[in-house]
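**Q** Below is the structure I would like to discuss, written out as structure tokens.
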Amino acid sequence: MDNKKIGNFIKSLRESKKMTQQELADKLFVERTVINKWERGINTITAPNIKRLSSFFGVSADEILAGEIYNKKNKERIDDVILDVYQKNNSLMKKIKIVSIIFFATIVMFLVYFFITFYNSVKIYDVSSEDEQGNFVSGSLTKTNEYINLILNTDALNPKSINLYFMNKGEKKYLVMADNQKIIYIKDYVFYQEYFDFSNFDEMLDNLYIEVELENETKVEKLIFTRDYSNKNLFYKQDSGFTPYTKKEQIVENEEYKSKIEMLHKRYNDKIKKLKYNGVDYTLSIFEDRLIIEYNETTDKIIINYDVFDYEYMYKMINEDTVYNVNVNTNKDNVEVYKDYEFVKEIINYLIEHDES
């Protein structure tokens, strides 16, 4: 298809009707510059405009594509031009089809890879251990393809030491041996596997034991792992018993406690505040956008920092060891974070409602 020849043909048809480019443009409902570019062979004419030109000038679409009027001498040449246009269009459609097949095949392969790699790759477990007196250990375990995060709390027993071990073919393989600690915190990575064998994870879960040395006895219990979550649903399914915070609710709550912290800051003017609440002595440091709570739990010194400057952040330290440092709104499914967060709100509300000193 020769755009230059087609352009000259349209120009001759226009001039035969003694029309300007603007007049023709008005008839075809296009800009004058469009007619100008057609006639100069710069732009290819679209199928709808070929149809309009054909109707307006009383010539066939084939004649416009060939750039000349049919006659006996040029009939074969015009047929060749039309056939060439058809073949080029057919070739283009084949290329588009091939590209489309490759594109969709790539998408399918990616989805298959993504499914195999990430489906059911995140698992969260509640950890417990039952004896005659009830549950003496609590915690959580999170596993992904890359890391395992385990937190165990034996605070209820006030132990002298804690040992965590894996029974492997009748032999104990100790993972942790800790004296004078109530909390075990393990984070292991697939490229280290210092504590957990990732390829043998399920068997390890079925054979993990905790040994707690008390003042007068030693307790040994098999750990019970109850799966709380795994990403095995192809589509998000909300738990009927859980109502998540929406972004709007998060912002509203953040602003509410931000204003309460500011109120307390004005009341106490950066002074350290001593508070006895539910029989426990607390030391509170109240800043304009932050509240720090310090207290002792048996022999442990605990610090919880609650920051409301932008979003709600909290970090917790036990005996100068960091337990967590997180955005509250994205970690409310973490039992310990949520429990501490509710505790901080209790302290703030108690100060505002009951304490005026």
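Naming works like this for the structure tokens: A, B, ... for the chains as they're shown, residue 1 at the start of each chain, ligands 1 onward in shown order.
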What's around segment 188-190 of chain A at 12 Å? Count only C-alpha atoms, leave out sequence neighbours fewer than 5 positions away in its own chain, and write the answer as a VMD selection string.
**A** chain A and resid 141 to 151 175 195 to 201
**Q** Extract, using only C-alpha atoms, all DNA, RNA and protein residues at most 12 Å from Leu28 of chain A, discarding same-chain residues fewer than 6 positions from it, and format them as a ChimeraX atom specification.
**A** /A:21-22,34-35,48-57
**Q** Can I get the residues of segment 32-58 of chain A within 8 Å of segment 4-20 of chain A, each with the closest pair of atoms and their distance in Å to one decimal, using only C-alpha atoms, sorted chain first then ascending number, as JSON lines?
**A**
```
{"residue": "A:Trp38", "atom": "CA", "partner": "A:Gly7", "partner_atom": "CA", "distance": 5.2}
{"residue": "A:Glu39", "atom": "CA", "partner": "A:Gly7", "partner_atom": "CA", "distance": 3.6}
{"residue": "A:Arg40", "atom": "CA", "partner": "A:Gly7", "partner_atom": "CA", "distance": 5.7}
{"residue": "A:Gly41", "atom": "CA", "partner": "A:Lys4", "partner_atom": "CA", "distance": 4.1}
{"residue": "A:Ile42", "atom": "CA", "partner": "A:Lys4", "partner_atom": "CA", "distance": 7.7}
{"residue": "A:Phe57", "atom": "CA", "partner": "A:Leu13", "partner_atom": "CA", "distance": 6.9}
```
**Q** Put those residues in a file: N, CA and C atoms, as a PDB file, in the first residue's frame.
**A**
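Done, and the output landed in again34.pdb:
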```pdb
ATOM      1  N   TRP A  38      -3.021  13.139   5.022  1.00  0.00           N
ATOM      2  CA  TRP A  38      -3.372  12.084   4.067  1.00  0.00           C
ATOM      3  C   TRP A  38      -2.800  12.390   2.694  1.00  0.00           C
ATOM      4  N   GLU A  39      -3.051  13.596   2.252  1.00  0.00           N
ATOM      5  CA  GLU A  39      -2.657  13.967   0.890  1.00  0.00           C
ATOM      6  C   GLU A  39      -1.145  14.009   0.720  1.00  0.00           C
ATOM      7  N   ARG A  40      -0.431  14.245   1.819  1.00  0.00           N
ATOM      8  CA  ARG A  40       1.044  14.261   1.737  1.00  0.00           C
ATOM      9  C   ARG A  40       1.630  12.870   1.991  1.00  0.00           C
ATOM     10  N   GLY A  41       0.766  11.894   2.254  1.00  0.00           N
ATOM     11  CA  GLY A  41       1.227  10.512   2.461  1.00  0.00           C
ATOM     12  C   GLY A  41       1.913  10.299   3.787  1.00  0.00           C
ATOM     13  N   ILE A  42       1.654  11.206   4.755  1.00  0.00           N
ATOM     14  CA  ILE A  42       2.305  11.082   6.065  1.00  0.00           C
ATOM     15  C   ILE A  42       1.586  10.066   6.944  1.00  0.00           C
ATOM     16  N   PHE A  57     -16.976  10.225  -2.284  1.00  0.00           N
ATOM     17  CA  PHE A  57     -16.493  10.442  -3.652  1.00  0.00           C
ATOM     18  C   PHE A  57     -17.084   9.446  -4.658  1.00  0.00           C
TER      19      PHE A  57
END
```
**Q** For Tyr125 of chain A, work out the shell of residues within 8 Å, counting only C-alpha atoms and skipping chain neighbours fewer than 2 positions away, then give it as a list in words.
**A** Lys123, Val127, Ser140, Leu141, Thr142, Phe225, Thr226, Arg227, Asp228 and Tyr229 of chain A
**Q** Considering only strand (DSSP E) as DSSP defines it on the backbone, what residues of segment 28-159 of chain A qualify? List them as a list in words.
**A** Lys123, Ile124, Tyr125, Asp126, Val127, Ser128, Ser129, Glu130, Asp131, Gly134, Asn135, Phe136, Val137, Ser138, Gly139, Ser140, Leu141, Thr142, Lys143, Tyr147, Ile148, Asn149, Leu150, Ile151, Leu152 and Asn153 of chain A
**Q** Write to file, as a PDB file, in the first residue's frame, the residues of the selection just made, with N, CA and C atoms.
**A**
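This is the output file part14.pdb:
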```pdb
ATOM      1  N   LYS A 123       2.682 -19.764  57.762  1.00  0.00           N
ATOM      2  CA  LYS A 123       1.883 -20.468  58.766  1.00  0.00           C
ATOM      3  C   LYS A 123       2.126 -19.819  60.122  1.00  0.00           C
ATOM      4  N   ILE A 124       1.032 -19.614  60.857  1.00  0.00           N
ATOM      5  CA  ILE A 124       1.127 -19.058  62.213  1.00  0.00           C
ATOM      6  C   ILE A 124       0.461 -20.047  63.172  1.00  0.00           C
ATOM      7  N   TYR A 125       1.180 -20.370  64.253  1.00  0.00           N
ATOM      8  CA  TYR A 125       0.682 -21.339  65.223  1.00  0.00           C
ATOM      9  C   TYR A 125       0.573 -20.698  66.613  1.00  0.00           C
ATOM     10  N   ASP A 126      -0.456 -21.088  67.350  1.00  0.00           N
ATOM     11  CA  ASP A 126      -0.498 -20.833  68.783  1.00  0.00           C
ATOM     12  C   ASP A 126       0.211 -21.993  69.466  1.00  0.00           C
ATOM     13  N   VAL A 127       1.032 -21.660  70.470  1.00  0.00           N
ATOM     14  CA  VAL A 127       1.810 -22.689  71.156  1.00  0.00           C
ATOM     15  C   VAL A 127       1.326 -22.795  72.593  1.00  0.00           C
ATOM     16  N   SER A 128       1.134 -24.018  73.058  1.00  0.00           N
ATOM     17  CA  SER A 128       0.696 -24.241  74.430  1.00  0.00           C
ATOM     18  C   SER A 128       1.272 -25.560  74.935  1.00  0.00           C
ATOM     19  N   SER A 129       1.079 -25.775  76.224  1.00  0.00           N
ATOM     20  CA  SER A 129       1.499 -27.033  76.826  1.00  0.00           C
ATOM     21  C   SER A 129       0.596 -27.283  78.021  1.00  0.00           C
ATOM     22  N   GLU A 130      -0.045 -28.422  78.043  1.00  0.00           N
ATOM     23  CA  GLU A 130      -1.026 -28.703  79.086  1.00  0.00           C
ATOM     24  C   GLU A 130      -0.463 -29.677  80.111  1.00  0.00           C
ATOM     25  N   ASP A 131      -0.665 -29.359  81.393  1.00  0.00           N
ATOM     26  CA  ASP A 131      -0.386 -30.332  82.441  1.00  0.00           C
ATOM     27  C   ASP A 131      -1.575 -30.353  83.391  1.00  0.00           C
ATOM     28  N   GLY A 134      -2.877 -27.025  84.311  1.00  0.00           N
ATOM     29  CA  GLY A 134      -3.289 -26.154  83.207  1.00  0.00           C
ATOM     30  C   GLY A 134      -2.118 -25.743  82.347  1.00  0.00           C
ATOM     31  N   ASN A 135      -2.334 -24.757  81.542  1.00  0.00           N
ATOM     32  CA  ASN A 135      -1.339 -24.318  80.572  1.00  0.00           C
ATOM     33  C   ASN A 135      -0.236 -23.515  81.257  1.00  0.00           C
ATOM     34  N   PHE A 136       1.008 -24.039  81.258  1.00  0.00           N
ATOM     35  CA  PHE A 136       2.080 -23.295  81.905  1.00  0.00           C
ATOM     36  C   PHE A 136       3.031 -22.630  80.917  1.00  0.00           C
ATOM     37  N   VAL A 137       2.800 -22.819  79.621  1.00  0.00           N
ATOM     38  CA  VAL A 137       3.598 -22.112  78.622  1.00  0.00           C
ATOM     39  C   VAL A 137       2.667 -21.626  77.520  1.00  0.00           C
ATOM     40  N   SER A 138       2.934 -20.438  77.010  1.00  0.00           N
ATOM     41  CA  SER A 138       2.156 -19.886  75.898  1.00  0.00           C
ATOM     42  C   SER A 138       3.111 -19.229  74.925  1.00  0.00           C
ATOM     43  N   GLY A 139       2.649 -19.054  73.707  1.00  0.00           N
ATOM     44  CA  GLY A 139       3.516 -18.406  72.726  1.00  0.00           C
ATOM     45  C   GLY A 139       2.956 -18.515  71.327  1.00  0.00           C
ATOM     46  N   SER A 140       3.804 -18.192  70.379  1.00  0.00           N
ATOM     47  CA  SER A 140       3.389 -18.257  68.979  1.00  0.00           C
ATOM     48  C   SER A 140       4.588 -18.617  68.117  1.00  0.00           C
ATOM     49  N   LEU A 141       4.294 -19.219  66.973  1.00  0.00           N
ATOM     50  CA  LEU A 141       5.332 -19.570  66.003  1.00  0.00           C
ATOM     51  C   LEU A 141       4.868 -19.142  64.624  1.00  0.00           C
ATOM     52  N   THR A 142       5.743 -18.462  63.914  1.00  0.00           N
ATOM     53  CA  THR A 142       5.462 -18.044  62.543  1.00  0.00           C
ATOM     54  C   THR A 142       6.503 -18.665  61.618  1.00  0.00           C
ATOM     55  N   LYS A 143       6.028 -19.298  60.552  1.00  0.00           N
ATOM     56  CA  LYS A 143       6.964 -19.905  59.583  1.00  0.00           C
ATOM     57  C   LYS A 143       6.652 -19.429  58.185  1.00  0.00           C
ATOM     58  N   TYR A 147      12.029 -17.820  56.924  1.00  0.00           N
ATOM     59  CA  TYR A 147      12.418 -17.788  58.331  1.00  0.00           C
ATOM     60  C   TYR A 147      11.359 -18.417  59.228  1.00  0.00           C
ATOM     61  N   ILE A 148      11.806 -18.730  60.461  1.00  0.00           N
ATOM     62  CA  ILE A 148      10.919 -19.226  61.518  1.00  0.00           C
ATOM     63  C   ILE A 148      11.109 -18.327  62.723  1.00  0.00           C
ATOM     64  N   ASN A 149      10.002 -17.904  63.316  1.00  0.00           N
ATOM     65  CA  ASN A 149      10.049 -17.024  64.476  1.00  0.00           C
ATOM     66  C   ASN A 149       9.235 -17.690  65.598  1.00  0.00           C
ATOM     67  N   LEU A 150       9.892 -17.986  66.742  1.00  0.00           N
ATOM     68  CA  LEU A 150       9.236 -18.680  67.847  1.00  0.00           C
ATOM     69  C   LEU A 150       9.390 -17.874  69.130  1.00  0.00           C
ATOM     70  N   ILE A 151       8.259 -17.632  69.821  1.00  0.00           N
ATOM     71  CA  ILE A 151       8.260 -16.971  71.126  1.00  0.00           C
ATOM     72  C   ILE A 151       7.519 -17.864  72.114  1.00  0.00           C
ATOM     73  N   LEU A 152       8.194 -18.189  73.228  1.00  0.00           N
ATOM     74  CA  LEU A 152       7.582 -18.990  74.286  1.00  0.00           C
ATOM     75  C   LEU A 152       7.682 -18.226  75.605  1.00  0.00           C
ATOM     76  N   ASN A 153       6.587 -18.205  76.363  1.00  0.00           N
ATOM     77  CA  ASN A 153       6.542 -17.472  77.623  1.00  0.00           C
ATOM     78  C   ASN A 153       6.161 -18.425  78.748  1.00  0.00           C
TER      79      ASN A 153
END
```
**Q** Would you list the contacts of Ile78 of chain A as a ChimeraX atom specification, taking every protein, DNA or RNA residue within 10 Å and counting only C-alpha atoms, but skipping same-chain residues closer than 5 positions in sequence?
**A** /A:62-71,73,83-84
**Q** Could you please determine the separation between atom CA of Asp179 of chain A and atom CA of Thr218 of chain A in Å, to one decimal place?
**A**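 Going from atom CA of Asp179 of chain A over to atom CA of Thr218 of chain A covers 13.3 Å.
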